[in-house]
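Pasting data-v3.pdb here (PDB, C-alpha atoms):
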MODEL        1
ATOM      1  CA  MET U 191      52.036  41.853   3.682
ATOM      2  CA  LYS U 192      48.243  41.924   3.535
ATOM      3  CA  ASN U 193      48.398  44.977   1.295
ATOM      4  CA  ARG U 194      50.822  43.183  -0.983
ATOM      5  CA  ILE U 195      48.546  40.134  -1.194
ATOM      6  CA  SER U 196      45.531  42.342  -1.917
ATOM      7  CA  MET U 197      47.348  44.211  -4.655
ATOM      8  CA  CYS U 198      48.626  40.993  -6.198
ATOM      9  CA  SER U 199      45.104  39.551  -6.101
ATOM     10  CA  ILE U 200      43.684  42.604  -7.870
ATOM     11  CA  VAL U 201      46.337  42.390 -10.566
ATOM     12  CA  LEU U 202      45.693  38.672 -11.001
ATOM     13  CA  ILE U 203      41.922  39.098 -11.210
ATOM     14  CA  ALA U 204      42.309  41.944 -13.695
ATOM     15  CA  GLY U 205      44.528  39.749 -15.830
ATOM     16  CA  ILE U 206      42.015  36.890 -15.763
ATOM     17  CA  VAL U 207      39.098  39.174 -16.678
ATOM     18  CA  SER U 208      41.107  40.760 -19.481
ATOM     19  CA  GLY U 209      42.044  37.365 -20.863
ATOM     20  CA  CYS U 210      38.404  36.193 -20.925
ATOM     21  CA  SER U 211      36.893  39.285 -22.549
ATOM     22  CA  GLN U 212      36.177  39.475 -26.271
ATOM     23  CA  SER U 213      37.352  42.211 -28.566
ATOM     24  CA  GLY U 214      34.639  44.000 -30.532
ATOM     25  CA  SER U 215      35.744  42.355 -33.768
ATOM     26  CA  ASP U 216      35.642  38.863 -32.225
ATOM     27  CA  GLU U 217      32.117  39.438 -30.932
ATOM     28  CA  TYR U 218      31.026  40.780 -34.317
ATOM     29  CA  ILE U 219      32.333  37.702 -36.147
ATOM     30  CA  GLU U 220      30.743  35.387 -33.585
ATOM     31  CA  VAL U 221      27.216  36.792 -34.070
ATOM     32  CA  GLN U 222      27.486  36.572 -37.859
ATOM     33  CA  ALA U 223      26.720  32.854 -37.543
ATOM     34  CA  GLN U 224      23.212  33.752 -36.340
ATOM     35  CA  LYS U 225      22.321  34.828 -39.889
ATOM     36  CA  GLU U 226      22.534  31.266 -41.157
ATOM     37  CA  GLN U 227      21.527  29.143 -38.170
ATOM     38  CA  ALA U 228      17.721  29.117 -38.455
ATOM     39  CA  PRO U 229      15.755  28.162 -41.587
ATOM     40  CA  SER U 230      13.373  31.103 -41.082
ATOM     41  CA  PHE U 231      14.049  34.776 -40.375
ATOM     42  CA  GLN U 232      12.489  38.239 -40.205
ATOM     43  CA  TYR U 233      14.247  41.510 -40.954
ATOM     44  CA  THR U 234      13.628  45.054 -42.180
ATOM     45  CA  LEU U 235      15.950  46.697 -44.691
ATOM     46  CA  HIS U 236      16.305  50.388 -45.528
ATOM     47  CA  ILE U 237      18.507  51.785 -48.274
ATOM     48  CA  ASP U 238      19.310  55.412 -49.173
ATOM     49  CA  ILE U 239      21.403  56.438 -52.165
ATOM     50  CA  THR U 240      22.933  59.914 -52.441
ATOM     51  CA  PRO U 241      24.468  60.847 -55.812
ATOM     52  CA  PRO U 242      27.477  63.158 -56.246
ATOM     53  CA  GLU U 243      26.654  66.871 -56.127
ATOM     54  CA  GLU U 244      28.379  67.198 -59.493
ATOM     55  CA  GLY U 245      26.205  64.501 -61.010
ATOM     56  CA  SER U 246      27.469  61.420 -62.775
ATOM     57  CA  ALA U 247      29.492  61.098 -65.959
ATOM     58  CA  SER U 248      26.852  58.597 -67.088
ATOM     59  CA  GLU U 249      23.458  59.814 -68.308
ATOM     60  CA  ILE U 250      21.984  56.468 -67.264
ATOM     61  CA  MET U 251      23.217  56.962 -63.701
ATOM     62  CA  ASN U 252      21.910  60.537 -63.595
ATOM     63  CA  ASN U 253      18.439  59.438 -64.690
ATOM     64  CA  LEU U 254      18.542  56.614 -62.182
ATOM     65  CA  ALA U 255      19.510  58.972 -59.374
ATOM     66  CA  VAL U 256      16.256  60.919 -59.805
ATOM     67  CA  TYR U 257      14.186  57.817 -59.045
ATOM     68  CA  LEU U 258      16.422  56.506 -56.288
ATOM     69  CA  GLN U 259      16.315  59.763 -54.343
ATOM     70  CA  GLU U 260      12.537  60.076 -54.528
ATOM     71  CA  PHE U 261      11.677  56.462 -53.778
ATOM     72  CA  ASP U 262      11.171  54.877 -50.379
ATOM     73  CA  LEU U 263      13.642  52.033 -50.845
ATOM     74  CA  GLY U 264      13.534  49.016 -48.596
ATOM     75  CA  TYR U 265      11.234  46.261 -47.426
ATOM     76  CA  GLU U 266      10.240  44.057 -44.501
ATOM     77  CA  VAL U 267      10.466  40.308 -45.004
ATOM     78  CA  LYS U 268       9.607  37.077 -43.264
ATOM     79  CA  GLY U 269      11.281  34.204 -45.049
ATOM     80  CA  ASN U 270      12.032  30.504 -45.109
ATOM     81  CA  ARG U 271      15.255  29.911 -47.003
ATOM     82  CA  ASP U 272      14.827  26.117 -47.155
ATOM     83  CA  GLU U 273      11.459  26.418 -48.907
ATOM     84  CA  ASP U 274      12.473  29.555 -50.860
ATOM     85  CA  ARG U 275       9.283  31.266 -49.668
ATOM     86  CA  TYR U 276       8.946  34.851 -48.447
ATOM     87  CA  GLU U 277       6.313  37.342 -47.289
ATOM     88  CA  LEU U 278       7.106  40.964 -48.137
ATOM     89  CA  ASP U 279       5.906  44.441 -47.218
ATOM     90  CA  LEU U 280       7.328  47.003 -49.639
ATOM     91  CA  GLU U 281       6.734  49.960 -51.938
ATOM     92  CA  LEU U 282       6.654  48.485 -55.446
ATOM     93  CA  PRO U 283       7.356  50.744 -58.474
ATOM     94  CA  ARG U 284       4.596  50.685 -61.112
ATOM     95  CA  THR U 285       3.834  52.587 -64.261
ATOM     96  CA  ALA U 286       1.059  55.103 -63.685
ATOM     97  CA  TYR U 287      -1.458  56.906 -65.858
ATOM     98  CA  LEU U 288      -0.077  60.130 -67.400
ATOM     99  CA  ARG U 289       3.175  59.772 -65.476
ATOM    100  CA  GLN U 290       6.522  59.301 -67.212
ATOM    101  CA  GLU U 291       8.276  58.154 -64.049
ATOM    102  CA  PRO U 292       7.328  55.069 -61.991
ATOM    103  CA  VAL U 293       5.101  55.519 -58.941
ATOM    104  CA  GLN U 294       5.361  53.314 -55.853
ATOM    105  CA  MET U 295       2.455  51.088 -54.839
ATOM    106  CA  ASN U 296       2.110  49.949 -51.244
ATOM    107  CA  VAL U 297       2.278  46.157 -50.982
ATOM    108  CA  THR U 298       1.487  44.361 -47.726
ATOM    109  CA  GLY U 299       1.813  40.626 -47.356
ATOM    110  CA  GLY U 300       3.152  40.108 -50.866
ATOM    111  CA  LEU U 301       4.053  36.440 -51.357
ATOM    112  CA  LEU U 302       7.301  35.651 -53.130
ATOM    113  CA  GLU U 303       7.585  32.070 -54.303
ATOM    114  CA  SER U 304       9.811  30.632 -57.006
ATOM    115  CA  GLU U 305       9.938  33.266 -59.759
ATOM    116  CA  SER U 306       6.721  35.129 -58.937
ATOM    117  CA  LEU U 307       5.574  37.853 -56.561
ATOM    118  CA  TYR U 308       1.877  37.594 -55.697
ATOM    119  CA  VAL U 309       0.214  40.865 -54.658
ATOM    120  CA  LYS U 310      -3.275  41.435 -53.292
ATOM    121  CA  THR U 311      -5.712  42.298 -56.075
ATOM    122  CA  GLU U 312      -7.426  44.839 -53.828
ATOM    123  CA  GLU U 313      -4.135  46.739 -53.380
ATOM    124  CA  TRP U 314      -3.611  46.703 -57.146
ATOM    125  CA  ILE U 315      -7.103  48.160 -57.605
ATOM    126  CA  ALA U 316      -6.515  50.785 -54.894
ATOM    127  CA  PHE U 317      -3.412  52.001 -56.747
ATOM    128  CA  ASP U 318      -5.297  52.281 -60.055
ATOM    129  CA  ASN U 319      -8.049  54.246 -58.318
ATOM    130  CA  GLU U 320      -5.499  56.609 -56.742
ATOM    131  CA  GLN U 321      -3.835  57.206 -60.108
ATOM    132  CA  GLY U 322      -7.083  57.553 -62.064
ATOM    133  CA  THR U 323      -6.003  54.810 -64.455
ATOM    134  CA  TYR U 324      -9.463  54.097 -65.891
ATOM    135  CA  GLY U 325     -11.159  57.447 -65.454
ATOM    136  CA  PHE U 326     -13.637  56.013 -62.941
ATOM    137  CA  MET U 327     -13.480  54.265 -59.577
ATOM    138  CA  LEU U 328     -13.168  50.496 -59.617
ATOM    139  CA  GLN U 329     -15.284  48.760 -57.003
ATOM    140  CA  THR U 330     -14.185  45.691 -55.083
ATOM    141  CA  THR U 331     -16.496  42.844 -56.028
ATOM    142  CA  SER U 332     -16.727  39.254 -54.871
ATOM    143  CA  ASP U 333     -14.766  38.265 -58.009
ATOM    144  CA  VAL U 334     -11.614  39.956 -56.711
ATOM    145  CA  GLU U 335     -11.958  39.889 -52.927
ATOM    146  CA  ASN U 336      -9.191  37.972 -51.138
ATOM    147  CA  THR U 337      -7.439  37.134 -54.407
ATOM    148  CA  TYR U 338      -3.882  37.718 -55.626
ATOM    149  CA  LEU U 339      -2.330  38.760 -58.933
ATOM    150  CA  GLU U 340       0.870  37.130 -60.147
ATOM    151  CA  LEU U 341       3.848  39.279 -61.207
ATOM    152  CA  SER U 342       6.812  37.660 -62.933
ATOM    153  CA  PHE U 343      10.083  38.009 -61.017
ATOM    154  CA  LYS U 344      11.995  35.464 -63.099
ATOM    155  CA  ASP U 345      14.668  38.022 -64.024
ATOM    156  CA  VAL U 346      15.446  38.940 -60.395
ATOM    157  CA  ALA U 347      18.782  37.301 -59.682
ATOM    158  CA  TYR U 348      18.653  37.325 -55.864
ATOM    159  CA  THR U 349      16.376  36.301 -53.010
ATOM    160  CA  PRO U 350      15.894  38.053 -49.638
ATOM    161  CA  ALA U 351      17.914  35.238 -48.049
ATOM    162  CA  ASP U 352      20.985  36.378 -50.022
ATOM    163  CA  VAL U 353      21.195  39.465 -47.784
ATOM    164  CA  LEU U 354      22.079  37.119 -44.915
ATOM    165  CA  GLU U 355      24.877  35.286 -46.708
ATOM    166  CA  ARG U 356      28.281  35.486 -45.078
ATOM    167  CA  ASP U 357      31.492  36.397 -46.891
ATOM    168  CA  GLU U 358      34.883  35.087 -45.799
ATOM    169  CA  GLN U 359      36.930  37.937 -47.261
ATOM    170  CA  TYR U 360      34.748  40.571 -45.620
ATOM    171  CA  GLU U 361      34.788  38.825 -42.248
ATOM    172  CA  THR U 362      38.585  38.559 -42.378
ATOM    173  CA  LEU U 363      38.771  42.326 -42.849
ATOM    174  CA  ALA U 364      36.237  42.878 -40.055
ATOM    175  CA  LYS U 365      38.161  40.625 -37.674
ATOM    176  CA  ASP U 366      41.373  42.587 -38.246
ATOM    177  CA  ALA U 367      39.693  46.007 -38.047
ATOM    178  CA  GLU U 368      40.154  48.394 -35.145
ATOM    179  CA  THR U 369      36.805  48.657 -33.394
ATOM    180  CA  THR U 370      35.104  51.182 -31.163
ATOM    181  CA  VAL U 371      32.704  49.652 -28.668
ATOM    182  CA  ASN U 372      30.004  51.718 -26.985
ATOM    183  CA  GLY U 373      27.590  49.600 -24.992
ATOM    184  CA  GLY U 374      26.209  47.084 -27.468
ATOM    185  CA  GLU U 375      27.335  49.012 -30.539
ATOM    186  CA  ILE U 376      30.470  48.004 -32.423
ATOM    187  CA  VAL U 377      31.827  50.416 -35.043
ATOM    188  CA  PHE U 378      34.690  49.856 -37.479
ATOM    189  CA  THR U 379      35.898  50.671 -40.986
ATOM    190  CA  VAL U 380      37.079  48.305 -43.712
ATOM    191  CA  ASP U 381      38.637  48.781 -47.139
ATOM    192  CA  GLY U 382      35.699  48.402 -49.507
ATOM    193  CA  GLU U 383      37.774  47.404 -52.513
ATOM    194  CA  GLN U 384      39.223  44.437 -50.629
ATOM    195  CA  ALA U 385      35.674  43.123 -50.151
ATOM    196  CA  ALA U 386      34.175  44.646 -53.301
ATOM    197  CA  ASP U 387      32.308  41.470 -54.274
ATOM    198  CA  TYR U 388      30.543  41.366 -50.893
ATOM    199  CA  PHE U 389      29.490  45.030 -50.889
ATOM    200  CA  SER U 390      28.466  44.981 -54.553
ATOM    201  CA  LYS U 391      26.254  41.955 -53.926
ATOM    202  CA  LEU U 392      24.816  43.519 -50.742
ATOM    203  CA  ILE U 393      23.764  46.616 -52.702
ATOM    204  CA  LYS U 394      22.268  44.548 -55.515
ATOM    205  CA  THR U 395      20.339  42.212 -53.213
ATOM    206  CA  SER U 396      19.048  45.215 -51.258
ATOM    207  CA  LEU U 397      17.795  46.894 -54.434
ATOM    208  CA  SER U 398      16.363  43.790 -56.123
ATOM    209  CA  TYR U 399      13.002  44.046 -54.336
ATOM    210  CA  SER U 400      13.008  47.778 -53.645
ATOM    211  CA  PHE U 401      13.320  48.465 -57.377
ATOM    212  CA  PRO U 402      12.814  45.230 -59.358
ATOM    213  CA  GLY U 403      14.753  45.115 -62.611
ATOM    214  CA  ILE U 404      17.236  47.829 -61.662
ATOM    215  CA  VAL U 405      20.064  45.356 -61.064
ATOM    216  CA  GLU U 406      19.463  43.546 -64.333
ATOM    217  CA  ARG U 407      19.520  46.864 -66.233
ATOM    218  CA  SER U 408      22.827  47.959 -64.700
ATOM    219  CA  ASP U 409      25.673  48.599 -67.124
ATOM    220  CA  ASP U 410      28.737  46.372 -66.649
ATOM    221  CA  GLU U 411      30.976  48.893 -68.375
ATOM    222  CA  ILE U 412      29.894  51.616 -65.938
ATOM    223  CA  GLU U 413      30.428  49.286 -62.978
ATOM    224  CA  LYS U 414      34.029  48.660 -64.064
ATOM    225  CA  LYS U 415      34.733  52.378 -63.693
ATOM    226  CA  LEU U 416      33.475  52.503 -60.093
ATOM    227  CA  THR U 417      35.526  51.794 -56.969
ATOM    228  CA  ILE U 418      34.382  51.295 -53.388
ATOM    229  CA  GLY U 419      36.062  53.422 -50.717
ATOM    230  CA  ASP U 420      36.382  52.818 -46.981
ATOM    231  CA  VAL U 421      33.112  51.372 -45.667
ATOM    232  CA  GLU U 422      31.835  52.371 -42.225
ATOM    233  CA  VAL U 423      30.083  49.531 -40.388
ATOM    234  CA  ALA U 424      28.030  49.876 -37.201
ATOM    235  CA  THR U 425      26.485  46.874 -35.470
ATOM    236  CA  GLN U 426      24.109  46.658 -32.522
ATOM    237  CA  ILE U 427      24.325  43.537 -30.360
ATOM    238  CA  GLU U 428      22.190  42.965 -27.250
ATOM    239  CA  GLU U 429      22.846  40.061 -24.885
ATOM    240  CA  GLY U 430      24.778  38.263 -27.576
ATOM    241  CA  VAL U 431      22.015  38.613 -30.188
ATOM    242  CA  LEU U 432      22.538  40.497 -33.465
ATOM    243  CA  GLN U 433      20.009  43.349 -33.644
ATOM    244  CA  ARG U 434      21.143  45.683 -36.405
ATOM    245  CA  GLU U 435      23.833  46.290 -38.993
ATOM    246  CA  SER U 436      24.355  49.498 -40.948
ATOM    247  CA  TYR U 437      26.792  50.170 -43.759
ATOM    248  CA  ARG U 438      27.872  53.474 -45.291
ATOM    249  CA  ILE U 439      29.363  52.545 -48.641
ATOM    250  CA  PRO U 440      31.098  55.231 -50.749
ATOM    251  CA  ILE U 441      31.164  54.440 -54.465
ATOM    252  CA  GLU U 442      33.662  56.578 -56.315
ATOM    253  CA  GLU U 443      33.677  57.569 -59.962
ATOM    254  CA  ASP U 444      35.719  60.187 -61.798
ATOM    255  CA  VAL U 445      33.408  63.129 -61.134
ATOM    256  CA  GLY U 446      32.420  62.406 -57.540
ATOM    257  CA  THR U 447      31.240  59.922 -54.940
ATOM    258  CA  TRP U 448      27.904  58.190 -54.473
ATOM    259  CA  THR U 449      26.944  57.230 -50.924
ATOM    260  CA  VAL U 450      24.902  54.101 -50.284
ATOM    261  CA  ASP U 451      23.486  53.724 -46.768
ATOM    262  CA  ILE U 452      22.059  50.309 -45.906
ATOM    263  CA  GLN U 453      20.505  49.452 -42.540
ATOM    264  CA  ILE U 454      19.223  45.991 -41.672
ATOM    265  CA  ASP U 455      17.159  45.564 -38.494
ATOM    266  CA  TYR U 456      17.040  41.904 -37.518
ATOM    267  CA  THR U 457      13.620  41.456 -35.954
ATOM    268  CA  ASP U 458      14.106  37.710 -35.479
ATOM    269  CA  LEU U 459      16.846  35.511 -36.929
ATOM    270  CA  ALA U 460      15.141  32.411 -35.536
ATOM    271  CA  TYR U 461      11.618  33.191 -36.718
ATOM    272  CA  VAL U 462       8.952  30.596 -35.899
ATOM    273  CA  GLY U 463       5.797  32.488 -36.908
ATOM    274  CA  GLU U 464       3.570  32.054 -39.937
ATOM    275  CA  ILE U 465       4.666  32.834 -43.485
ATOM    276  CA  GLY U 466       1.876  33.071 -46.034
ATOM    277  CA  GLU U 467       1.631  30.497 -48.835
ATOM    278  CA  ILE U 468       0.021  31.281 -52.157
ATOM    279  CA  ALA U 469      -1.461  27.763 -52.203
ATOM    280  CA  ASP U 470      -3.875  28.982 -49.504
ATOM    281  CA  TYR U 471      -5.288  31.728 -51.752
ATOM    282  CA  GLU U 472      -6.925  32.151 -55.143
ATOM    283  CA  VAL U 473      -4.719  33.586 -57.878
ATOM    284  CA  LEU U 474      -6.640  35.654 -60.406
ATOM    285  CA  SER U 475      -5.558  35.047 -64.001
ATOM    286  CA  LYS U 476      -4.877  37.954 -66.365
ATOM    287  CA  GLU U 477      -7.963  36.992 -68.333
ATOM    288  CA  ALA U 478     -10.141  36.982 -65.207
ATOM    289  CA  TYR U 479      -8.776  40.382 -64.150
ATOM    290  CA  ASN U 480      -9.416  41.824 -67.615
ATOM    291  CA  ASP U 481     -12.986  40.465 -67.464
ATOM    292  CA  TYR U 482     -13.385  42.225 -64.115
ATOM    293  CA  ILE U 483     -12.202  45.538 -65.646
ATOM    294  CA  VAL U 484     -14.655  45.163 -68.550
ATOM    295  CA  SER U 485     -17.526  44.432 -66.160
ATOM    296  CA  GLU U 486     -16.595  47.509 -64.111
ATOM    297  CA  GLN U 487     -16.575  49.656 -67.259
ATOM    298  CA  GLN U 488     -20.055  48.385 -68.116
ATOM    299  CA  ARG U 489     -21.273  49.055 -64.590
ATOM    300  CA  ASP U 490     -19.902  52.601 -64.648
ATOM    301  CA  LEU U 491     -21.449  53.266 -68.070
ATOM    302  CA  GLU U 492     -24.844  51.958 -66.943
ATOM    303  CA  GLU U 493     -24.727  54.159 -63.837
ATOM    304  CA  LEU U 494     -23.885  57.172 -66.006
ATOM    305  CA  ILE U 495     -26.814  56.449 -68.395
ATOM    306  CA  ASN U 496     -29.211  55.966 -65.489
ATOM    307  CA  ALA U 497     -28.054  59.254 -63.979
ATOM    308  CA  LEU U 498     -28.668  61.080 -67.258
ATOM    309  CA  ASN U 499     -32.144  59.597 -67.506
TER     310      ASN U 499
ENDMDL
END
This entry written out as structure tokens:
Amino acid sequence: MKNRISMCSIVLIAGIVSGCSQSGSDEYIEVQAQKEQAPSFQYTLHIDITPPEEGSASEIMNNLAVYLQEFDLGYEVKGNRDEDRYELDLELPRTAYLRQEPVQMNVTGGLLESESLYVKTEEWIAFDNEQGTYGFMLQTTSDVENTYLELSFKDVAYTPADVLERDEQYETLAKDAETTVNGGEIVFTVDGEQAADYFSKLIKTSLSYSFPGIVERSDDEIEKKLTIGDVEVATQIEEGVLQRESYRIPIEEDVGTWTVDIQIDYTDLAYVGEIGEIADYEVLSKEAYNDYIVSEQQRDLEELINALN
């Protein structure tokens, strides 16, 4: 009788535990809310794009693939969505002296506010020195120290906060997906075409700051010919907190398949640290920067004349 009671108790306990446990898809949907709960956040995004081995049917896409494969695409951001204010570390494409293709400039603590990205003048100068833009080395003077230059981002359609937006259609697919759970990692696959709007927007928001202007130059007619295949999703959750999401998104066209890999590491979805404000710094006007370049040219010329004498 005791054995019977013990066995019945084990079965009952097992049933209770089973009834209280979450499936991987339920846990995944539950942590999605963390993306929108706090006004401030911090995350790091990486994106890799692999073109078809056969190349693309579009010359535009083929030319684009050359840049996308060579560039370090991604950024780190601290942002406040309520104030529409962000601090970015990224590699920013710039035109360079005697180079047909863009070259990436390292930006640390870039300040994105409204429709402008403010970059440190000293980093702008460092890039020009590396590329030999002026044929001589610019020196950092008191006129440019601790100042920022303003770059227009008015044509960029998205903000870093858009990466965190939820999508009902996608989450419905995720909830119904068969999941594999390994420790804190949840892995599943969804039909990309059924959530094409979500994945298309995710790619565009991810690229908007890695390669400014690329989204706006995309060809709608080409996009209509592309379809999204089955998307592999892997999510890391630790103690109920969302840590990482990665997506492998196949984009199919007639001649082959592009692969877009996006990984987002959520450093802090309830960020309470400082986010820089451009109001605390001096912004150098274009005229003031041009005056600085002219003064540097004069200085370099005077040094050359003195050396010859």
Notebook entry, point to check: So which residues touch range 295-311 of chain U within 7 Å, counting all atoms listed in the file, skipping near sequence neighbours fewer than 4 positions away, as number ranges by chain?
Noted result: U: 274-284, 315, 317, 334, 337-344, 466-468
Next item on the list: Would you be able to write out as a PyMOL selection string which residues have an atom within 7 Å of (24.3, 36.7, -32.0) in the file's coordinates, counting all atoms listed in the file?
Entry: chain U and resi 220-222+224+430-432
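For the atom pair formed by CA of Thr285 in chain U and CA of Ser390 in chain U, the distance is 27.5 Å, given to one decimal.
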Note to self: From the options U:Glu355, U:Glu375, U:Asp366, U:Asp451, which residue's atoms come nearest to Thr425 in chain U, counting only C-alpha atoms?
What the structure shows: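 Under the stated criterion, the closest residue is U:Glu375.
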Item checked: Output of the PyMOL selection byres ((chain U and resi 359) around 10), listed as a VMD selection string -> chain U and resid 356 to 358 360 to 364 384 to 388
